[in-house]
Amino acid sequence: MTSSVQVKTAVARAVETFGRLDVVVSNAGISGVIAPVADYPEEVFDQVLAVHVRGSFLVCKHSLPYLEAGASVVITSSVVGLTSAAGICAYATAKHALVGLMRTLAKETAPHGIRVNTIHPGPVDNEFQHRIEVAATGADRDRAASIFSQLIPLARHADPDEVARAMLFLASDESSFVTGTTLTVDGGMSI
């Protein structure tokens with residue numbers, strides 16, 4: 001995700017394989033560590049921003065030449081891209097930066113009929129989330145998940161299919177007049 005040459009090559013291979021790009025999804029990320037800003041390891045901060053922000057920038061940059069009117073770009077951010085919490089400065093900074101990238105791209109590509117949006121999932125029932133919860137709480141997996149579920153107004157984690165359906169909406173013609181938006185799929189966590 002952080003190598004311009006590798007991302008450009010991957011995009012070109014996708015176009016070669018499928019003939020064109022109708023939808024581009026930037027969905028890579030790492031969590032970093034949990035630590036106060038004063039103690040946050042600089043190399044981890046740089047790595048998290050490189051994967052999330054530079055990675056999404058490169059995916060979009062190298063995909064844009066292949067996109068035509070009607071195309072959709074979906075960038076995965078997080079509920080943390082609209083909120084934050086103590087100890088997650090790199091992750092929160094990266095996820096907020098993706099909103100700025102999306103808004104810039106949405107304005108630049110709208111005259112060409114290309115839509116760009118971010119999706120902001122809350123806690124999802126997957127291994128990535130469970131590792132974050134255990135690290136954040138120090139509790140075992142089930143207890144950590146329960147602690148996080150209590151932070152969500154709907155009182156549960158999202159099923160991956162729920163996030164996928166929202167992403168499919170942004171990718172499809174069903175959202176043909178939606179661009180520059182932050183779509184939350186967070187069970188009410190950001191309210």
# chains A, B, ... in the order shown; residues from 1 in each chain; ligands from 1
$ closest_atom_pairs --of "segment 8-73 of chain A" --to "segment 165-175 of chain A" --cutoff "12 Å" --atoms "only C-alpha atoms" --output "CSV"
residue,atom,partner,partner_atom,distance
A:Leu21,CA,A:Ala171,CA,11.5
A:Asp22,CA,A:Ala171,CA,8.4
A:Val23,CA,A:Ala171,CA,6.0
A:Val24,CA,A:Ala171,CA,8.1
A:Val25,CA,A:Ala171,CA,8.4
A:Ser26,CA,A:Met167,CA,11.1
A:Asn27,CA,A:Met167,CA,10.7
A:Ala69,CA,A:Asp173,CA,11.4
A:Gly70,CA,A:Asp173,CA,7.6
A:Ala71,CA,A:Ala171,CA,8.0
A:Ser72,CA,A:Ala171,CA,5.4
A:Val73,CA,A:Ala171,CA,7.1
$ select_by_dssp --residues "segment 19-94 of chain A" --states "strand (DSSP E or B)" --output "mmCIF file with N, CA and C atoms, in the first residue's frame"
data_model
loop_
_atom_site.group_PDB
_atom_site.id
_atom_site.type_symbol
_atom_site.label_atom_id
_atom_site.label_comp_id
_atom_site.auth_asym_id
_atom_site.auth_seq_id
_atom_site.Cartn_x
_atom_site.Cartn_y
_atom_site.Cartn_z
ATOM 1 N N VAL A 23 -15.550 0.633 -10.021
ATOM 2 C CA VAL A 23 -15.554 0.877 -8.583
ATOM 3 C C VAL A 23 -14.136 0.685 -8.068
ATOM 4 N N VAL A 24 -13.698 1.612 -7.237
ATOM 5 C CA VAL A 24 -12.407 1.497 -6.560
ATOM 6 C C VAL A 24 -12.690 1.559 -5.067
ATOM 7 N N VAL A 25 -12.182 0.566 -4.339
ATOM 8 C CA VAL A 25 -12.338 0.533 -2.892
ATOM 9 C C VAL A 25 -10.948 0.548 -2.270
ATOM 10 N N SER A 26 -10.698 1.531 -1.446
ATOM 11 C CA SER A 26 -9.458 1.598 -0.683
ATOM 12 C C SER A 26 -9.782 1.123 0.723
ATOM 13 N N ALA A 35 -1.348 4.224 23.071
ATOM 14 C CA ALA A 35 -0.434 4.945 23.961
ATOM 15 C C ALA A 35 -0.779 6.424 23.924
ATOM 16 N N SER A 72 -17.342 4.953 -9.078
ATOM 17 C CA SER A 72 -17.444 5.252 -7.653
ATOM 18 C C SER A 72 -16.157 4.856 -6.946
ATOM 19 N N VAL A 73 -15.692 5.732 -6.067
ATOM 20 C CA VAL A 73 -14.537 5.450 -5.216
ATOM 21 C C VAL A 73 -15.065 5.425 -3.780
ATOM 22 N N VAL A 74 -14.755 4.352 -3.072
ATOM 23 C CA VAL A 74 -15.156 4.215 -1.675
ATOM 24 C C VAL A 74 -13.891 4.031 -0.843
ATOM 25 N N ILE A 75 -13.690 4.922 0.104
ATOM 26 C CA ILE A 75 -12.527 4.867 0.991
ATOM 27 C C ILE A 75 -13.008 4.445 2.372
ATOM 28 N N THR A 76 -12.428 3.374 2.904
ATOM 29 C CA THR A 76 -12.815 2.925 4.234
ATOM 30 C C THR A 76 -12.096 3.752 5.286
ATOM 31 N N ILE A 88 -5.211 6.575 20.797
ATOM 32 C CA ILE A 88 -5.227 6.099 19.409
ATOM 33 C C ILE A 88 -4.890 7.217 18.422
#
$ select_by_dssp --residues "segment 142-184 of chain A" --states "alpha helix (DSSP H)" --output "PyMOL selection string"
chain A and resi 142-149+160-171
$ residues_around --residues "Ser4 of chain A" --least-positions-apart "4" --cutoff "12 Å" --atoms "only C-alpha atoms" --output "list in words"
Lys8, Thr9, Ala10, Val11, Ala50, Val51, Arg54, Gly55, Ser56, Phe57, Leu58, Val59, Cys60, Lys61, His62 and Ser63 of chain A
$ residues_around --residues "Thr83 of chain A" --least-positions-apart "3" --cutoff "9 Å" --atoms "only C-alpha atoms" --output "VMD selection string"
chain A and resid 78 to 80 92 96 190
$ residues_around --residues "Phe128 of chain A" --least-positions-apart "2" --cutoff "12 Å" --atoms "only C-alpha atoms" --output "PyMOL selection string"
chain A and resi 28-32+123-126+130-135+141+145+160
$ atom_distance --atom1 "atom CA of Ala158 of chain A" --atom2 "atom CA of Gly188 of chain A"
11.0 Å
$ atom_distance --atom1 "atom CA of Leu101 of chain A" --atom2 "atom CA of Val37 of chain A"
23.4 Å
$ atom_distance --atom1 "atom CA of Ala94 of chain A" --atom2 "atom CA of Leu49 of chain A"
5.3 Å
$ residues_around --residues "His112 of chain A" --least-positions-apart "2" --cutoff "12 Å" --atoms "only C-alpha atoms" --output "short mmCIF file (atom, residue, chain, number, x, y, z; two decimals) with N, CA and C atoms, in the first residue's frame"
data_model
loop_
_atom_site.label_atom_id
_atom_site.label_comp_id
_atom_site.auth_asym_id
_atom_site.auth_seq_id
_atom_site.Cartn_x
_atom_site.Cartn_y
_atom_site.Cartn_z
N LEU A 64 -7.46 6.94 -10.86
CA LEU A 64 -8.19 8.03 -11.51
C LEU A 64 -8.09 8.03 -13.04
N PRO A 65 -6.94 7.76 -13.63
CA PRO A 65 -6.89 7.78 -15.10
C PRO A 65 -7.80 6.76 -15.78
N TYR A 66 -8.23 5.76 -15.05
CA TYR A 66 -9.06 4.70 -15.62
C TYR A 66 -10.54 4.87 -15.33
N LEU A 67 -10.91 5.88 -14.55
CA LEU A 67 -12.30 6.05 -14.15
C LEU A 67 -13.05 6.95 -15.13
N GLU A 68 -14.30 6.58 -15.38
CA GLU A 68 -15.16 7.35 -16.28
C GLU A 68 -16.42 7.75 -15.53
N ALA A 69 -17.24 8.56 -16.16
CA ALA A 69 -18.50 9.00 -15.55
C ALA A 69 -19.27 7.79 -15.04
N GLY A 70 -19.81 7.92 -13.84
CA GLY A 70 -20.56 6.84 -13.22
C GLY A 70 -19.73 5.99 -12.28
N ALA A 71 -18.42 6.16 -12.32
CA ALA A 71 -17.55 5.37 -11.44
C ALA A 71 -17.70 5.84 -10.00
N SER A 72 -17.34 4.95 -9.08
CA SER A 72 -17.44 5.25 -7.65
C SER A 72 -16.16 4.86 -6.95
N LEU A 105 -11.01 14.76 -3.36
CA LEU A 105 -11.26 13.96 -4.57
C LEU A 105 -12.69 14.14 -5.06
N ALA A 106 -13.64 14.21 -4.15
CA ALA A 106 -15.04 14.37 -4.56
C ALA A 106 -15.22 15.66 -5.34
N LYS A 107 -14.59 16.73 -4.89
CA LYS A 107 -14.70 18.00 -5.61
C LYS A 107 -13.96 17.97 -6.94
N GLU A 108 -12.80 17.31 -6.97
CA GLU A 108 -12.02 17.25 -8.20
C GLU A 108 -12.66 16.36 -9.27
N THR A 109 -13.34 15.30 -8.84
CA THR A 109 -13.86 14.33 -9.82
C THR A 109 -15.33 14.53 -10.17
N ALA A 110 -16.05 15.32 -9.38
CA ALA A 110 -17.48 15.53 -9.66
C ALA A 110 -17.74 16.06 -11.07
N ILE A 114 -17.72 11.33 -11.49
CA ILE A 114 -17.17 10.29 -10.61
C ILE A 114 -17.52 10.65 -9.17
N ARG A 115 -17.98 9.66 -8.41
CA ARG A 115 -18.38 9.88 -7.03
C ARG A 115 -17.30 9.34 -6.09
N VAL A 116 -17.06 10.03 -4.98
CA VAL A 116 -16.08 9.61 -3.98
C VAL A 116 -16.69 9.80 -2.60
#
$ closest_residue --among "A:Phe177, A:Met189, A:Pro121, A:Glu42" --to "Ser149 of chain A" --atoms "only C-alpha atoms"
A:Met189
$ residues_around --residues "segment 182-185 of chain A" --least-positions-apart "6" --cutoff "6 Å" --atoms "only C-alpha atoms" --output "PyMOL selection string"
chain A and resi 118-121
$ write_last_selection --atoms "N, CA and C atoms" --output "compact mmCIF listing (two decimals), in the first residue's frame"
# COMPACT_ATOMS: atom_id res chain seq x y z
N THR A 118 -16.60 8.23 1.81
CA THR A 118 -15.97 7.39 2.82
C THR A 118 -17.06 6.62 3.56
N ILE A 119 -16.69 5.45 4.02
CA ILE A 119 -17.55 4.63 4.87
C ILE A 119 -16.89 4.55 6.23
N HIS A 120 -17.68 4.64 7.29
CA HIS A 120 -17.17 4.73 8.65
C HIS A 120 -17.76 3.64 9.53
N PRO A 121 -17.21 2.43 9.45
CA PRO A 121 -17.72 1.36 10.30
C PRO A 121 -17.36 1.59 11.77
$ decode --residues "segment 127-150 of chain A" --atoms "N, CA and C atoms" --output "tab-separated table (two decimals), in the first residue's frame"
chain	number	residue	atom	x	y	z
A	127	GLU	N	-11.60	-10.39	13.49
A	127	GLU	CA	-10.37	-10.55	14.27
A	127	GLU	C	-9.61	-9.24	14.45
A	128	PHE	N	-9.58	-8.39	13.43
A	128	PHE	CA	-8.91	-7.09	13.54
A	128	PHE	C	-9.47	-6.31	14.73
A	129	GLN	N	-10.80	-6.24	14.81
A	129	GLN	CA	-11.45	-5.51	15.89
A	129	GLN	C	-11.21	-6.18	17.25
A	130	HIS	N	-11.28	-7.48	17.27
A	130	HIS	CA	-11.09	-8.18	18.55
A	130	HIS	C	-9.67	-7.96	19.11
A	131	ARG	N	-8.68	-7.93	18.24
A	131	ARG	CA	-7.30	-7.65	18.70
A	131	ARG	C	-7.20	-6.24	19.28
A	132	ILE	N	-7.84	-5.28	18.65
A	132	ILE	CA	-7.84	-3.90	19.15
A	132	ILE	C	-8.52	-3.84	20.52
A	133	GLU	N	-9.63	-4.52	20.66
A	133	GLU	CA	-10.38	-4.48	21.91
A	133	GLU	C	-9.60	-5.09	23.07
A	134	VAL	N	-8.93	-6.22	22.81
A	134	VAL	CA	-8.13	-6.87	23.84
A	134	VAL	C	-6.98	-5.94	24.25
A	135	ALA	N	-6.33	-5.32	23.26
A	135	ALA	CA	-5.22	-4.40	23.56
A	135	ALA	C	-5.71	-3.17	24.32
A	136	ALA	N	-6.88	-2.67	23.97
A	136	ALA	CA	-7.40	-1.46	24.60
A	136	ALA	C	-7.88	-1.69	26.03
A	137	THR	N	-8.42	-2.86	26.29
A	137	THR	CA	-9.03	-3.11	27.60
A	137	THR	C	-8.17	-3.98	28.52
A	138	GLY	N	-7.29	-4.79	27.94
A	138	GLY	CA	-6.53	-5.74	28.74
A	138	GLY	C	-7.35	-6.93	29.19
A	139	ALA	N	-8.57	-7.00	28.74
A	139	ALA	CA	-9.47	-8.11	29.09
A	139	ALA	C	-9.36	-9.23	28.06
A	140	ASP	N	-9.92	-10.39	28.39
A	140	ASP	CA	-9.95	-11.47	27.40
A	140	ASP	C	-10.92	-11.08	26.29
A	141	ARG	N	-10.88	-11.83	25.20
A	141	ARG	CA	-11.62	-11.46	23.99
A	141	ARG	C	-13.11	-11.24	24.25
A	142	ASP	N	-13.76	-12.16	24.93
A	142	ASP	CA	-15.21	-12.04	25.15
A	142	ASP	C	-15.55	-10.85	26.04
A	143	ARG	N	-14.78	-10.65	27.09
A	143	ARG	CA	-15.03	-9.52	27.99
A	143	ARG	C	-14.75	-8.20	27.27
A	144	ALA	N	-13.67	-8.17	26.49
A	144	ALA	CA	-13.34	-6.96	25.73
A	144	ALA	C	-14.45	-6.62	24.74
A	145	ALA	N	-14.97	-7.62	24.04
A	145	ALA	CA	-16.07	-7.39	23.10
A	145	ALA	C	-17.30	-6.86	23.83
A	146	SER	N	-17.57	-7.40	25.00
A	146	SER	CA	-18.71	-6.93	25.80
A	146	SER	C	-18.54	-5.47	26.22
A	147	ILE	N	-17.33	-5.11	26.61
A	147	ILE	CA	-17.04	-3.73	26.99
A	147	ILE	C	-17.30	-2.80	25.81
A	148	PHE	N	-16.83	-3.17	24.63
A	148	PHE	CA	-17.03	-2.34	23.45
A	148	PHE	C	-18.50	-2.30	23.04
A	149	SER	N	-19.20	-3.42	23.15
A	149	SER	CA	-20.63	-3.43	22.80
A	149	SER	C	-21.41	-2.44	23.65
A	150	GLN	N	-20.98	-2.24	24.89
A	150	GLN	CA	-21.65	-1.29	25.78
A	150	GLN	C	-21.45	0.16	25.32
